[in-house]
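Q: The structure under discussion is supplied below as structure tokens; questions concerning it will follow.
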Amino acid sequence: MASNAASTAGTADHNGNGGGGDSSSSDNDATAQLERKISQAVDEGHDADIPSNAGYVLDERGERRRRQSIASRRKSAKKRRSSTDLEKGEKRRTTSTRGREGPREEGEKDGDEEAEDQSSGTEDDANAVWWDGPDDPANPYNWPGWKKGLNIGFVSAMTFVSPLASSIFAPGVPQVMAEFGSDSLTLASFVVSVYVLGFAAGPLLLAPLSEIYGRVPIYHIGNVGFVAFNIGCALAPSLNGLIVFRFFCGVFGSAPLTNGGGTIADMVEQSKRGAAMAGFTIGPLLGPIIGPVAGGFLADAEGWRWTFWLLVIAGGVLAVSMALFMRESYAPVLLERKTARLRKETGNELLHSRLDVGLSPGDYFRRGIVRPIKMFVYSPIVPIMAFYMSIVYAYLYLLFTTFTDVFERTYGFTTSTVGLSYLGLGVGSFVGLIIFSLTSDRYVRSKAAADEKAGIKAAGMKPEHRLLHLPLGAILLPVGLFIYGWTAEYKIHWIVPIIGTGIVGIGNLMVFMGVQLYLVDAFTIYAASALATNTVVRSIFGAVLPLAGLPMYRALGLGWGNSLLGFIAIALLPVAFLLMKYGEYLRKRFEIKDL
């Protein structure tokens, strides 16, 4: 059942069909299969030339590397076998155990003969290890519902607890500053926002490790580190120590955000993935909003240290439960384990996983770090989107780090009630998500159809169609900031500035989702690297820019302070319109090669 692997599209789908396609396949089928592999890779959080259960997509250099890896493995296996035969004086075996299911058919060659005849390394050769048929229970797609549900439940819980930790501590900051005898406004903000800096650093290490060793070991490492450093926060003897512990909490807390989407994509087919992904994505949205509400009441009743003890308890329960019941779901790792077992059982050193693309651990790390940097340097679209999103994201965390001070000083909120001031952002984000979800895909399809009907050259679904909401979000952002700032300045009823922050939340969500989907559609195979660049840059801005928040409010007041932010947002407003008009030109003019 060998088939020639195309240089641009490799391997198979989960039911065992060849991914390279045959001559009878239609162009539509090939395109759909390619899109499925790219979509699967994006959901799993890596580029499409890293294998997934759906297969992989390789450029010419990647395909050459894969073939060289298989040829090198065959050469090494033949050398070892020859040495063993010489030492033992045994006659060389004439048969070779197959690496795939089913008996060997009449006329088939043994492993050594195939190693010589198939130097190109086609992936469906007799030594390629794959699932035992379409109903193989080892394939995560075929796991029973309860097993999938348990894994998805664990991941969803982690992606709620980790973002919760980013803000649950915020209402207790005045207690912290008083206990450690500090009146630094900069440190008061940084002790909250430094967690986001950890979110930027963590994926650079954890993402490549997950592609080498699988999802579950990274979750366990993340859980242990998250619990350990939250214990450090709860027992912190100084403000500097607390900041360091918070940073590492963010590093280890990034594990579920890095791998969570991938775990769901491992087990649930794309057509059925919506509900599962909804549970996963709601955590990062709800966590930062619920955190201050719960943290305010807890800090008021038991003190700020108990906000961290609560995280220790929640993280500890999850860590123990996942260690006992969670199972690995990453197909390349599962097939590599199966391959290792079959090599040991059969003595056939030529066996290799069908999803083996010939990458060493060093290759994974180089790709995870070097590729995003190259995209940032050589494609103008990537830094433009990164900086634009970073400003919007930094505004969000500037508000997060200043709400406690603003609403306690201006409206007399107590530690227990100040967390309620964060609800405006939460409600606004939900509204923005609903609007975006109901209109984005519909607009992209209708725009593509209209362009095609009008006879526009190169009509179709273009990435720039994803930017419909960008101008609207960019307009709502300064509007919300003006309302929030001036109503708080004149101490108008507290619900009005909270409504202003709700408008900020709508604008923030629209910009965020528009940029994310644009990068996915624009960079397809390498979408994860483009998103990684965006994540790192915006996380740095989200950690650093809020440090100016409280000093700015002290110097300019709430009205002019937020107006300054609004004016900057207005100055950046043309960027949204220019990207819609010239984004396609920039994308094609500076196309990146040899990634």
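For the structure tokens, the naming scheme is as follows: chains receive sequential letters (A, B, ...) according to their order of presentation, residues are indexed from 1 within each chain, and ligands are indexed from 1 in presentation order.
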Pick out the residues sitting within 8 Å of A:Gly432, and hand them over as JSON, numbers by chain; count only C-alpha atoms, and ignore anything fewer than 2 positions along from it in its own chain.
A: {"A": [428, 429, 430, 434, 435, 436, 505, 506, 507, 509, 510]}
Q: For each of A:Phe199, A:Phe365, A:Gly283, A:Phe400, take the minimum atom-to-atom distance to A:Leu550, counting only C-alpha atoms, then give the residue where this is smallest.
A: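 Of the candidates, the smallest distance to A:Leu550 is held by A:Phe400.
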Q: Compile the contact shell of stretch 142-157 of chain A as a PyMOL selection string: residues with an atom at most 7 Å away, counting only C-alpha atoms, same-chain residues fewer than 4 positions apart removed.
A: chain A and resi 135-137+161+256+260+264+267+279-280+283+322+326
Q: Restricting the calculation to only C-alpha atoms, which member of A:Arg538, A:His352, A:Arg445, A:Arg343 is positioned closest to A:Leu197?
A: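 For A:Leu197, the nearest of the given residues is A:Arg538.
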Q: Just the residues within 8 Å of A:Ser416, please, counting only C-alpha atoms, with nothing from its chain fewer than 4 positions along; format it as a list of chain:residue names.
A: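 Non-adjacent residues within range: A:Pro171, A:Val293, A:Gly295, A:Gly296, A:Phe297, A:Leu298, A:Ala299, A:Asp300, A:Ala301.
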Q: Write the selection just made, keeping C-alpha atoms, as a PDB file, in the first residue's frame?
A:
ATOM      1  CA  PRO A 171      -7.486  43.208  45.307  1.00  0.00           C
ATOM      2  CA  VAL A 293     -14.170  38.968  42.697  1.00  0.00           C
ATOM      3  CA  GLY A 295      -9.808  37.333  45.644  1.00  0.00           C
ATOM      4  CA  GLY A 296     -11.367  40.484  47.054  1.00  0.00           C
ATOM      5  CA  PHE A 297     -13.634  38.656  49.482  1.00  0.00           C
ATOM      6  CA  LEU A 298     -10.912  36.165  50.438  1.00  0.00           C
ATOM      7  CA  ALA A 299      -8.240  38.819  51.019  1.00  0.00           C
ATOM      8  CA  ASP A 300     -10.660  40.861  53.128  1.00  0.00           C
ATOM      9  CA  ALA A 301     -11.615  37.854  55.254  1.00  0.00           C
TER      10      ALA A 301
END
Q: For a quick check of understanding, using only C-alpha atoms, which of A:Val444, A:Ala165, A:Ile499, A:Ala276 has the smallest distance to A:Asp521?
A: A:Val444
Q: List the spatial neighbours of A:Val173 as a compact mmCIF listing (two decimals) with N, CA and C atoms, in the first residue's frame - criterion: any atom at most 9 Å away, only C-alpha atoms, same-chain residues fewer than 2 positions off excluded.
A:
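Writing the result to out_18.txt gives the following:
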# COMPACT_ATOMS: atom_id res chain seq x y z
N PHE A 169 -5.10 37.86 42.83
CA PHE A 169 -4.28 38.51 43.84
C PHE A 169 -4.45 40.04 43.84
N ALA A 170 -5.00 40.61 42.75
CA ALA A 170 -5.03 42.06 42.57
C ALA A 170 -5.69 42.84 43.72
N PRO A 171 -6.87 42.43 44.23
CA PRO A 171 -7.49 43.21 45.31
C PRO A 171 -6.66 43.25 46.59
N GLN A 175 -2.76 45.44 50.74
CA GLN A 175 -2.32 44.73 51.95
C GLN A 175 -0.86 44.32 51.82
N VAL A 176 -0.47 43.86 50.64
CA VAL A 176 0.91 43.45 50.41
C VAL A 176 1.86 44.62 50.60
N MET A 177 1.54 45.73 49.98
CA MET A 177 2.41 46.91 50.05
C MET A 177 2.53 47.41 51.48
N ALA A 178 1.43 47.34 52.22
CA ALA A 178 1.46 47.78 53.62
C ALA A 178 2.31 46.83 54.46
N ALA A 188 3.74 47.99 42.88
CA ALA A 188 2.36 47.60 43.13
C ALA A 188 1.71 47.06 41.86
N SER A 189 2.07 47.61 40.72
CA SER A 189 1.55 47.11 39.45
C SER A 189 2.31 45.87 38.98
N VAL A 191 3.89 43.53 40.59
CA VAL A 191 3.66 42.29 41.32
C VAL A 191 2.45 41.54 40.76
N VAL A 192 1.56 42.26 40.08
CA VAL A 192 0.43 41.62 39.41
C VAL A 192 0.80 41.24 37.98
N TRP A 304 -4.17 38.54 52.22
CA TRP A 304 -3.75 38.31 50.84
C TRP A 304 -3.07 36.98 50.62
N THR A 404 -8.13 48.30 41.46
CA THR A 404 -8.21 48.27 42.92
C THR A 404 -7.96 49.66 43.49
Q: Near stretch 563-576 of chain A, within 8 Å and counting only C-alpha atoms, which residues show up once chain neighbours fewer than 2 positions away are dropped, as a PyMOL selection string?
A: chain A and resi 388+395+467+470-471+474-475+477-479+481-482+485+559-561+578-580
Q: For A:Phe407, find every residue with an atom within 12 Å (counting only C-alpha atoms), except residues of its own chain fewer than 4 positions away, and show them as a VMD selection string.
A: chain A and resid 171 399 to 403 411 to 422 484 to 485 488 to 489 491 to 495 497 to 498 558
Q: Could you write those residues out with C-alpha atoms, as an mmCIF file, in the first residue's frame?
A:
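Output file result-v1.cif follows:
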data_model
loop_
_atom_site.group_PDB
_atom_site.id
_atom_site.type_symbol
_atom_site.label_atom_id
_atom_site.label_comp_id
_atom_site.auth_asym_id
_atom_site.auth_seq_id
_atom_site.Cartn_x
_atom_site.Cartn_y
_atom_site.Cartn_z
ATOM 1 C CA PRO A 171 -7.486 43.208 45.307
ATOM 2 C CA LEU A 399 -6.770 48.416 33.835
ATOM 3 C CA PHE A 400 -6.366 45.132 35.716
ATOM 4 C CA THR A 401 -3.509 46.512 37.792
ATOM 5 C CA THR A 402 -5.178 49.856 38.584
ATOM 6 C CA PHE A 403 -8.843 49.014 39.245
ATOM 7 C CA TYR A 411 -15.614 55.282 45.164
ATOM 8 C CA GLY A 412 -14.665 53.909 48.564
ATOM 9 C CA PHE A 413 -14.905 50.256 47.561
ATOM 10 C CA THR A 414 -13.622 47.859 50.213
ATOM 11 C CA THR A 415 -11.196 45.011 49.637
ATOM 12 C CA SER A 416 -14.114 42.584 49.494
ATOM 13 C CA THR A 417 -16.160 44.547 46.945
ATOM 14 C CA VAL A 418 -13.467 46.031 44.707
ATOM 15 C CA GLY A 419 -13.294 42.799 42.715
ATOM 16 C CA LEU A 420 -16.768 43.573 41.360
ATOM 17 C CA SER A 421 -15.267 46.442 39.361
ATOM 18 C CA TYR A 422 -13.698 43.870 37.030
ATOM 19 C CA TYR A 484 -14.262 55.333 32.005
ATOM 20 C CA GLY A 485 -11.731 58.095 32.641
ATOM 21 C CA ALA A 488 -14.464 58.352 37.253
ATOM 22 C CA GLU A 489 -12.727 61.756 37.321
ATOM 23 C CA LYS A 491 -17.138 60.632 40.449
ATOM 24 C CA ILE A 492 -20.299 59.895 38.504
ATOM 25 C CA HIS A 493 -22.084 56.775 39.776
ATOM 26 C CA TRP A 494 -19.693 53.821 39.742
ATOM 27 C CA ILE A 495 -21.785 51.828 37.256
ATOM 28 C CA PRO A 497 -17.190 53.886 34.471
ATOM 29 C CA ILE A 498 -17.755 50.137 34.684
ATOM 30 C CA LEU A 558 -8.170 59.662 35.762
#
Q: Please determine, counting only C-alpha atoms, which residue among A:Leu545, A:Ala448, A:Ile381, A:Val511 has the shortest atom-to-atom distance to A:Gly583.
A: A:Ile381
Q: Which residues in stretch 172-397 of chain A does DSSP call alpha helix (DSSP H)? List them as a ChimeraX atom specification.
A: /A:173-179,185-213,215-234,239-253,255-267,274-302,305-325,331-346,361-378,381-397
Q: Do you have the atom CA of A:Ala228-atom CA of A:Ile313 distance handy?
A: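 Result for atom CA of A:Ala228 versus atom CA of A:Ile313: 11.1 Å, one decimal.
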Q: Suppose you want the space between atom CA of A:Asn230 and atom CA of A:Val251; what is it in Å?
A: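 A separation of 11.8 Å between them.
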